file run-v3.tsv (TSV, C-alpha atoms)
chain	number	residue	atom	x	y	z
A	197	MET	CA	4.75	27.15	15.55
A	198	SER	CA	1.82	29.28	16.69
A	199	HIS	CA	0.38	31.65	14.18
A	200	THR	CA	-2.47	33.69	15.61
A	201	PRO	CA	-2.08	36.88	17.62
A	202	ALA	CA	-3.22	36.92	21.20
A	203	LEU	CA	-6.02	39.44	20.76
A	204	GLY	CA	-7.16	38.48	17.27
A	205	LYS	CA	-6.95	42.08	16.06
A	206	ARG	CA	-4.98	43.55	13.21
A	207	PRO	CA	-2.00	45.44	14.69
A	208	ARG	CA	-1.86	49.19	14.22
A	209	TRP	CA	1.36	50.90	13.28
A	210	TRP	CA	0.83	53.87	15.62
A	211	THR	CA	0.87	51.51	18.61
A	212	GLU	CA	3.51	49.10	17.30
A	213	LEU	CA	6.11	51.69	16.31
A	214	PRO	CA	6.45	53.32	19.76
A	215	LEU	CA	6.55	49.89	21.41
A	216	ILE	CA	9.37	48.67	19.18
A	217	ALA	CA	11.21	51.98	19.60
A	218	VAL	CA	11.01	51.75	23.39
A	219	VAL	CA	12.28	48.16	23.43
A	220	TYR	CA	15.14	49.01	21.09
A	221	VAL	CA	16.15	52.06	23.17
A	222	LEU	CA	16.09	49.94	26.33
A	223	TYR	CA	18.16	47.28	24.59
A	224	SER	CA	20.71	49.79	23.31
A	225	ALA	CA	20.96	51.61	26.64
A	226	GLY	CA	21.23	48.38	28.60
A	227	ARG	CA	23.83	47.01	26.21
A	228	LEU	CA	25.86	50.17	26.66
A	229	LEU	CA	25.60	50.17	30.44
A	230	ALA	CA	26.37	46.47	30.85
A	231	ARG	CA	30.08	46.98	30.38
A	232	GLY	CA	31.57	45.10	33.30
A	233	GLU	CA	35.29	44.92	33.96
A	234	VAL	CA	37.54	44.71	30.91
A	235	SER	CA	39.71	42.08	32.60
A	236	ASP	CA	36.64	39.92	33.26
A	237	ALA	CA	35.51	40.31	29.66
A	238	VAL	CA	38.92	39.29	28.35
A	239	ASP	CA	39.03	36.29	30.69
A	240	HIS	CA	35.62	35.18	29.48
A	241	GLY	CA	36.73	35.52	25.86
A	242	LEU	CA	39.86	33.48	26.48
A	243	SER	CA	37.82	30.81	28.27
A	244	ILE	CA	35.46	30.49	25.32
A	245	LEU	CA	38.38	30.29	22.92
A	246	HIS	CA	40.05	27.64	25.07
A	247	ILE	CA	36.89	25.50	25.09
A	248	GLU	CA	36.64	25.76	21.31
A	249	LYS	CA	40.27	24.75	20.87
A	250	VAL	CA	39.80	21.74	23.11
A	251	LEU	CA	36.75	20.74	21.06
A	252	ARG	CA	38.53	21.68	17.81
A	253	ILE	CA	35.69	23.94	16.71
A	254	ASN	CA	37.51	27.29	16.65
A	255	LEU	CA	36.35	28.18	13.12
A	256	GLU	CA	37.07	31.86	13.79
A	257	HIS	CA	40.79	31.48	13.06
A	258	PRO	CA	40.62	30.16	9.46
A	259	LEU	CA	37.72	32.47	8.58
A	260	ASN	CA	39.48	35.50	10.00
A	261	ARG	CA	42.68	34.68	8.09
A	262	PHE	CA	40.67	34.28	4.88
A	263	PHE	CA	38.91	37.66	5.26
A	264	THR	CA	42.16	39.33	6.25
A	265	HIS	CA	44.07	38.04	3.22
A	266	HIS	CA	41.27	38.50	0.67
A	267	ALA	CA	39.85	42.01	0.64
A	268	LEU	CA	37.36	40.96	-2.04
A	269	PHE	CA	35.56	39.01	0.69
A	270	GLY	CA	36.67	40.90	3.78
A	271	ILE	CA	35.32	44.31	2.75
A	272	PRO	CA	31.78	43.08	1.86
A	273	ALA	CA	31.80	41.10	5.10
A	274	ASP	CA	32.54	44.27	7.07
A	275	PHE	CA	29.73	46.12	5.30
A	276	ALA	CA	27.37	43.23	6.02
A	277	TYR	CA	28.32	43.20	9.70
A	278	ALA	CA	27.93	46.96	10.04
A	279	SER	CA	24.58	47.33	8.27
A	280	LEU	CA	22.43	44.24	7.62
A	281	HIS	CA	21.75	43.73	11.32
A	282	TYR	CA	19.89	47.07	11.34
A	283	LEU	CA	18.29	46.89	7.88
A	284	VAL	CA	17.08	43.36	7.18
A	285	THR	CA	15.46	42.69	10.55
A	286	PRO	CA	13.24	45.80	10.56
A	287	ALA	CA	12.43	45.26	6.88
A	288	ILE	CA	11.16	41.74	7.53
A	289	LEU	CA	9.25	42.90	10.61
A	290	ILE	CA	7.51	45.55	8.50
A	291	TRP	CA	6.78	42.98	5.80
A	292	VAL	CA	5.18	40.67	8.36
A	293	PHE	CA	3.15	43.60	9.72
A	294	LYS	CA	1.76	44.42	6.27
A	295	CYS	CA	1.47	41.00	4.65
A	296	ARG	CA	1.08	38.55	7.55
A	297	PRO	CA	-0.86	40.50	10.21
A	298	ALA	CA	-2.27	37.33	11.78
A	299	ASN	CA	1.28	36.20	12.61
A	300	TYR	CA	2.75	39.58	13.51
A	301	SER	CA	2.07	39.68	17.26
A	302	PHE	CA	3.64	36.29	17.85
A	303	LEU	CA	6.73	36.98	15.71
A	304	ARG	CA	7.23	40.42	17.25
A	305	ALA	CA	6.94	39.01	20.76
A	306	TRP	CA	9.44	36.27	19.88
A	307	LEU	CA	11.99	38.79	18.59
A	308	MET	CA	11.61	41.17	21.53
A	309	ILE	CA	11.77	38.52	24.24
A	310	ALA	CA	14.89	36.97	22.72
A	311	THR	CA	16.50	40.42	22.47
A	312	LEU	CA	15.88	41.13	26.14
A	313	ILE	CA	17.28	37.72	27.07
A	314	GLY	CA	20.38	38.62	25.08
A	315	LEU	CA	20.68	41.80	27.13
A	316	VAL	CA	20.71	39.69	30.28
A	317	GLY	CA	23.54	37.69	28.76
A	318	PHE	CA	25.57	40.84	28.07
A	319	THR	CA	25.07	41.88	31.69
A	320	LEU	CA	25.94	38.58	33.34
A	321	LEU	CA	28.73	37.56	31.00
A	322	PRO	CA	30.64	40.51	29.49
A	323	THR	CA	32.87	38.97	26.84
A	324	SER	CA	35.72	40.33	24.77
A	325	PRO	CA	35.35	39.59	21.05
A	326	PRO	CA	38.28	37.87	19.31
A	327	ARG	CA	39.44	41.13	17.70
A	328	LEU	CA	40.12	42.70	21.13
A	329	LEU	CA	42.27	39.87	22.43
A	330	GLU	CA	46.05	40.11	22.40
A	331	ALA	CA	47.65	39.75	18.99
A	332	SER	CA	49.26	36.52	20.17
A	333	GLN	CA	45.84	34.87	19.92
A	334	GLY	CA	46.05	35.19	16.14
A	335	PHE	CA	43.12	37.50	15.31
A	336	ILE	CA	43.06	40.65	13.17
A	337	ASP	CA	40.29	43.23	13.38
A	338	THR	CA	39.06	43.41	9.79
A	339	MET	CA	36.83	46.38	10.64
A	340	ALA	CA	39.97	48.34	11.48
A	341	GLN	CA	41.94	46.85	8.58
A	342	TYR	CA	39.33	47.93	6.01
A	343	GLY	CA	38.09	50.97	7.92
A	344	SER	CA	39.00	53.36	5.10
A	345	TYR	CA	36.32	51.73	2.91
A	346	GLY	CA	33.42	52.30	5.30
A	347	TRP	CA	31.98	54.66	7.87
A	348	TRP	CA	33.31	52.72	10.84
A	349	GLY	CA	36.57	53.15	12.68
A	350	ALA	CA	38.37	50.85	15.08
A	351	ASP	CA	35.33	50.51	17.36
A	352	ALA	CA	33.49	47.67	15.62
A	353	SER	CA	30.63	48.94	13.43
A	354	ALA	CA	30.18	52.28	15.22
A	355	PRO	CA	30.66	55.36	13.01
A	356	ARG	CA	33.95	57.15	13.49
A	357	GLY	CA	33.95	59.24	16.64
A	358	LEU	CA	31.00	57.39	18.18
A	359	GLY	CA	32.84	54.38	19.54
A	360	GLY	CA	32.08	55.50	23.09
A	361	LEU	CA	28.37	54.93	22.42
A	362	THR	CA	28.77	51.19	21.95
A	363	ASN	CA	29.73	48.35	24.23
A	364	GLN	CA	32.80	46.60	22.84
A	365	TYR	CA	32.47	43.69	25.28
A	366	ALA	CA	28.99	42.40	24.44
A	367	ALA	CA	30.00	39.42	22.33
A	368	MET	CA	28.03	36.72	24.17
A	369	PRO	CA	25.47	35.92	22.86
A	370	SER	CA	25.64	37.03	19.22
A	371	LEU	CA	22.37	38.77	18.46
A	372	HIS	CA	23.66	39.35	14.94
A	373	VAL	CA	23.25	35.61	14.52
A	374	GLY	CA	20.10	35.48	16.65
A	375	TRP	CA	18.26	38.14	14.68
A	376	ALA	CA	19.45	36.63	11.40
A	377	LEU	CA	18.07	33.26	12.50
A	378	TRP	CA	14.72	34.91	13.27
A	379	CYS	CA	14.73	36.45	9.79
A	380	GLY	CA	15.58	33.10	8.25
A	381	VAL	CA	12.75	31.30	10.02
A	382	VAL	CA	10.26	33.96	8.96
A	383	LEU	CA	11.41	33.81	5.34
A	384	TRP	CA	11.29	30.02	5.31
A	385	ARG	CA	7.89	29.77	6.99
A	386	TYR	CA	6.02	32.71	5.50
A	387	GLY	CA	7.88	33.65	2.34
A	388	ARG	CA	6.64	32.58	-1.05
A	389	GLY	CA	8.65	30.68	-3.56
A	390	ARG	CA	11.95	28.88	-3.67
A	391	TRP	CA	14.07	32.04	-3.40
A	392	ALA	CA	12.51	33.01	-0.09
A	393	ARG	CA	13.45	29.62	1.35
A	394	ILE	CA	16.95	29.83	-0.07
A	395	ALA	CA	17.34	33.27	1.54
A	396	GLY	CA	15.91	31.86	4.77
A	397	VAL	CA	18.82	29.42	4.95
A	398	ALA	CA	21.58	31.51	3.37
A	399	TYR	CA	21.08	34.68	5.40
A	400	PRO	CA	21.62	33.32	8.95
A	401	LEU	CA	24.40	31.04	7.72
A	402	GLY	CA	26.11	33.95	5.96
A	403	ILE	CA	25.83	36.19	9.02
A	404	ALA	CA	27.35	33.47	11.21
A	405	ILE	CA	30.33	33.29	8.84
A	406	VAL	CA	30.62	37.09	8.76
A	407	VAL	CA	30.64	37.59	12.53
A	408	MET	CA	33.37	34.98	12.96
A	409	GLY	CA	35.44	36.00	9.95
A	410	THR	CA	35.50	39.65	11.02
A	411	ALA	CA	36.66	38.54	14.51
A	412	ASN	CA	33.61	40.02	16.20
A	413	HIS	CA	32.27	36.77	17.64
A	414	TYR	CA	33.27	33.23	18.53
A	415	LEU	CA	31.48	30.17	17.24
A	416	LEU	CA	30.00	29.62	20.71
A	417	ASP	CA	28.65	33.19	20.61
A	418	ALA	CA	26.76	32.23	17.47
A	419	VAL	CA	25.49	29.04	19.13
A	420	ALA	CA	24.36	31.07	22.14
A	421	GLY	CA	22.57	33.53	19.85
A	422	ALA	CA	20.62	30.66	18.31
A	423	ALA	CA	19.84	29.26	21.77
A	424	VAL	CA	18.52	32.64	22.91
A	425	MET	CA	16.16	32.71	19.95
A	426	GLY	CA	14.99	29.21	20.87
A	427	VAL	CA	14.14	30.30	24.40
A	428	GLY	CA	12.39	33.38	23.05
A	429	LEU	CA	10.31	31.16	20.78
A	430	LEU	CA	9.20	29.04	23.74
A	431	LEU	CA	8.27	32.08	25.84
A	432	ALA	CA	6.50	34.12	23.16
A	433	ARG	CA	3.06	32.52	23.39
A	434	PRO	CA	2.90	32.43	27.21
A	435	ALA	CA	3.95	36.09	27.21
A	436	LEU	CA	1.16	36.93	24.76
A	437	ARG	CA	-1.40	35.11	26.91
A	438	LEU	CA	-0.20	36.97	30.00
A	439	THR	CA	-0.38	40.29	28.16
A	440	GLU	CA	-3.92	39.52	27.00
A	441	ARG	CA	-4.98	38.59	30.52
A	442	ILE	CA	-3.56	41.81	31.98
A	443	ARG	CA	-5.10	43.91	29.21
A	444	SER	CA	-8.51	42.29	29.68
A	445	ARG	CA	-8.39	42.91	33.41
A	446	PHE	CA	-7.58	46.59	32.91
A	447	ALA	CA	-10.30	46.86	30.28
A	448	ARG	CA	-12.89	45.44	32.68
A	449	THR	CA	-11.77	47.83	35.39
A	450	ALA	CA	-11.90	50.89	33.16
A	451	ARG	CA	-15.14	50.02	31.34
A	452	PRO	CA	-18.13	52.10	32.63
A	453	VAL	CA	-21.14	50.13	33.82
A	454	ALA	CA	-24.06	50.71	31.46
A	455	PRO	CA	-27.41	51.35	33.13
A	456	THR	CA	-29.81	48.42	32.88
A	457	ALA	CA	-33.34	48.79	31.71
A	458	SER	CA	-35.93	48.59	34.48
A	459	HIS	CA	-39.58	47.79	34.11
A	460	THR	CA	-40.58	49.23	37.48
A	461	VAL	CA	-42.77	52.29	37.35
A	462	PRO	CA	-41.58	55.20	39.53
A	463	PRO	CA	-44.11	56.56	42.02
A	464	GLY	CA	-46.49	59.07	40.47
A	465	GLU	CA	-46.06	57.77	36.92
A	466	THR	CA	-48.19	55.39	34.94
A	467	ARG	CA	-47.06	52.69	32.57
A	468	PRO	CA	-47.55	53.54	28.87
A	469	ALA	CA	-50.56	51.95	27.28
A	470	GLY	CA	-48.55	50.10	24.67
A	471	ALA	CA	-47.35	46.61	25.56
A	472	VAL	CA	-43.58	46.23	25.63
A	473	VAL	CA	-42.21	43.56	23.32
A	474	SER	CA	-38.65	42.36	22.78
A	475	GLY	CA	-36.12	44.97	21.69
A	476	GLY	CA	-38.10	47.79	23.35
A	477	CYS	CA	-40.60	48.01	20.46
A	478	GLU	CA	-44.21	48.81	21.28
A	479	THR	CA	-47.49	47.95	19.58
A	480	SER	CA	-50.78	49.74	19.99
A	481	ALA	CA	-53.81	47.90	21.27
A	482	GLY	CA	-55.38	47.41	17.86
A	483	GLU	CA	-52.21	46.83	15.89
A	484	ARG	CA	-51.55	43.46	14.38
A	485	PHE	CA	-48.50	41.84	12.91
A	486	PRO	CA	-48.41	41.04	9.20
A	487	ARG	CA	-50.41	37.96	8.22
A	488	GLN	CA	-52.09	37.98	11.66
A	489	ALA	CA	-55.72	37.11	11.25
A	490	THR	CA	-58.57	38.63	13.31
A	491	ARG	CA	-62.13	37.55	13.77
A	492	GLY	CA	-64.05	38.37	10.70
A	493	ASP	CA	-61.10	37.92	8.34
A	494	VAL	CA	-61.78	35.14	5.93

call {"tool": "encode", "arguments": {"input": "run-v3.tsv", "output": "structure tokens"}}
result
Amino acid sequence: MSHTPALGKRPRWWTELPLIAVVYVLYSAGRLLARGEVSDAVDHGLSILHIEKVLRINLEHPLNRFFTHHALFGIPADFAYASLHYLVTPAILIWVFKCRPANYSFLRAWLMIATLIGLVGFTLLPTSPPRLLEASQGFIDTMAQYGSYGWWGADASAPRGLGGLTNQYAAMPSLHVGWALWCGVVLWRYGRGRWARIAGVAYPLGIAIVVMGTANHYLLDAVAGAAVMGVGLLLARPALRLTERIRSRFARTARPVAPTASHTVPPGETRPAGAVVSGGCETSAGERFPRQATRGDV
């Protein structure tokens, strides 16, 4: 994996923070607007579920039954789904910014590009999560079941009364899993000690189990989230090179042309008596450099 930032400069928080905020606002707004038809979203969800059943990989069913029947696991899973997505990822990004500045630009570009690719997926393939399918499909919405324990209602992880501000049909791909995978790679690659590597494996794996057990995503959503991060990884360095090229071109255009020194003497003026030496320094006619001998010195 590449490690150095495109411009070789330490990132500054007052330029990074607005950039991340703008990308996140665009992502949230685009995710909200990319609703599509509910019937299409349900059809896509049923198609994904059918493929998983044919391949016998529909892990969502046993996990969802387990979380539904065991509140000791279901309630923490709901809290994890509703919060860690928005807490752990920024925390690790800040840690990279402060402790691994040479790697920050690349890792930030990777995360942002993958997020925008995920937004394209939400737009082109609106998908109903398992919890919004008909009850005959065998899923129970654990967020609604355990809603009295948290701040969310029946609208996924949105706070009560704000369900209209979220897109319920943006299950494919799962950026919960995608972002968790990014966090895991960063912890594994740049963290120190055994516990960082254990967390680097456990966190994305745990999030994948959570999103399926709470009936918010299918297994193939999780696979797609990982694939999106893979594409983002491949595109991050070319995107940084392109950004550097564009920035350099603008810098050359905006840079004022410094006047060059000229040795021509304007009409009506005489050249100073002193001889010009390198650096613009002058010496008088009788001046000598240190250790320079003259006739008569012995």

call {"tool": "closest_residue", "arguments": {"input": "run-v3.tsv", "among": "A:Leu242, A:Ala273, A:Leu383, A:Ala376", "to": "Leu401 of chain A", "atoms": "all atoms listed in the file"}}
result
A:Ala376

call {"tool": "closest_residue", "arguments": {"input": "run-v3.tsv", "among": "A:Ala366, A:Ile309, A:Val238, A:Val397", "to": "Val424 of chain A", "atoms": "all atoms listed in the file"}}
result
A:Ile309

call {"tool": "residues_around", "arguments": {"input": "run-v3.tsv", "residues": "segment 320-335 of chain A", "least_positions_apart": "4", "cutoff": "8 Å", "atoms": "only C-alpha atoms", "output": "PyMOL selection string"}}
result
chain A and resi 230-234+236-242+257+260-261+316+364-368+410-414

call {"tool": "write_last_selection", "arguments": {"input": "run-v3.tsv", "atoms": "C-alpha atoms", "output": "short mmCIF file (atom, residue, chain, number, x, y, z; two decimals), in the coordinates of the input"}}
result
data_model
loop_
_atom_site.label_atom_id
_atom_site.label_comp_id
_atom_site.auth_asym_id
_atom_site.auth_seq_id
_atom_site.Cartn_x
_atom_site.Cartn_y
_atom_site.Cartn_z
CA ALA A 230 26.37 46.47 30.85
CA ARG A 231 30.08 46.98 30.38
CA GLY A 232 31.57 45.10 33.30
CA GLU A 233 35.29 44.92 33.96
CA VAL A 234 37.54 44.71 30.91
CA ASP A 236 36.64 39.92 33.26
CA ALA A 237 35.51 40.31 29.66
CA VAL A 238 38.92 39.29 28.35
CA ASP A 239 39.03 36.29 30.69
CA HIS A 240 35.62 35.18 29.48
CA GLY A 241 36.73 35.52 25.86
CA LEU A 242 39.86 33.48 26.48
CA HIS A 257 40.79 31.48 13.06
CA ASN A 260 39.48 35.50 10.00
CA ARG A 261 42.68 34.68 8.09
CA VAL A 316 20.71 39.69 30.28
CA GLN A 364 32.80 46.60 22.84
CA TYR A 365 32.47 43.69 25.28
CA ALA A 366 28.99 42.40 24.44
CA ALA A 367 30.00 39.42 22.33
CA MET A 368 28.03 36.72 24.17
CA THR A 410 35.50 39.65 11.02
CA ALA A 411 36.66 38.54 14.51
CA ASN A 412 33.61 40.02 16.20
CA HIS A 413 32.27 36.77 17.64
CA TYR A 414 33.27 33.23 18.53
#

call {"tool": "closest_residue", "arguments": {"input": "run-v3.tsv", "among": "A:Ala435, A:Ala398, A:Val407, A:Leu429", "to": "Met339 of chain A", "atoms": "all atoms listed in the file"}}
result
A:Val407

call {"tool": "closest_residue", "arguments": {"input": "run-v3.tsv", "among": "A:Leu371, A:Leu377, A:Leu251, A:Ile405", "to": "Thr311 of chain A", "atoms": "only C-alpha atoms"}}
result
A:Leu371

call {"tool": "atom_distance", "arguments": {"input": "run-v3.tsv", "atom1": "atom CA of Phe302 of chain A", "atom2": "atom CA of Leu436 of chain A"}}
result
7.4 Å
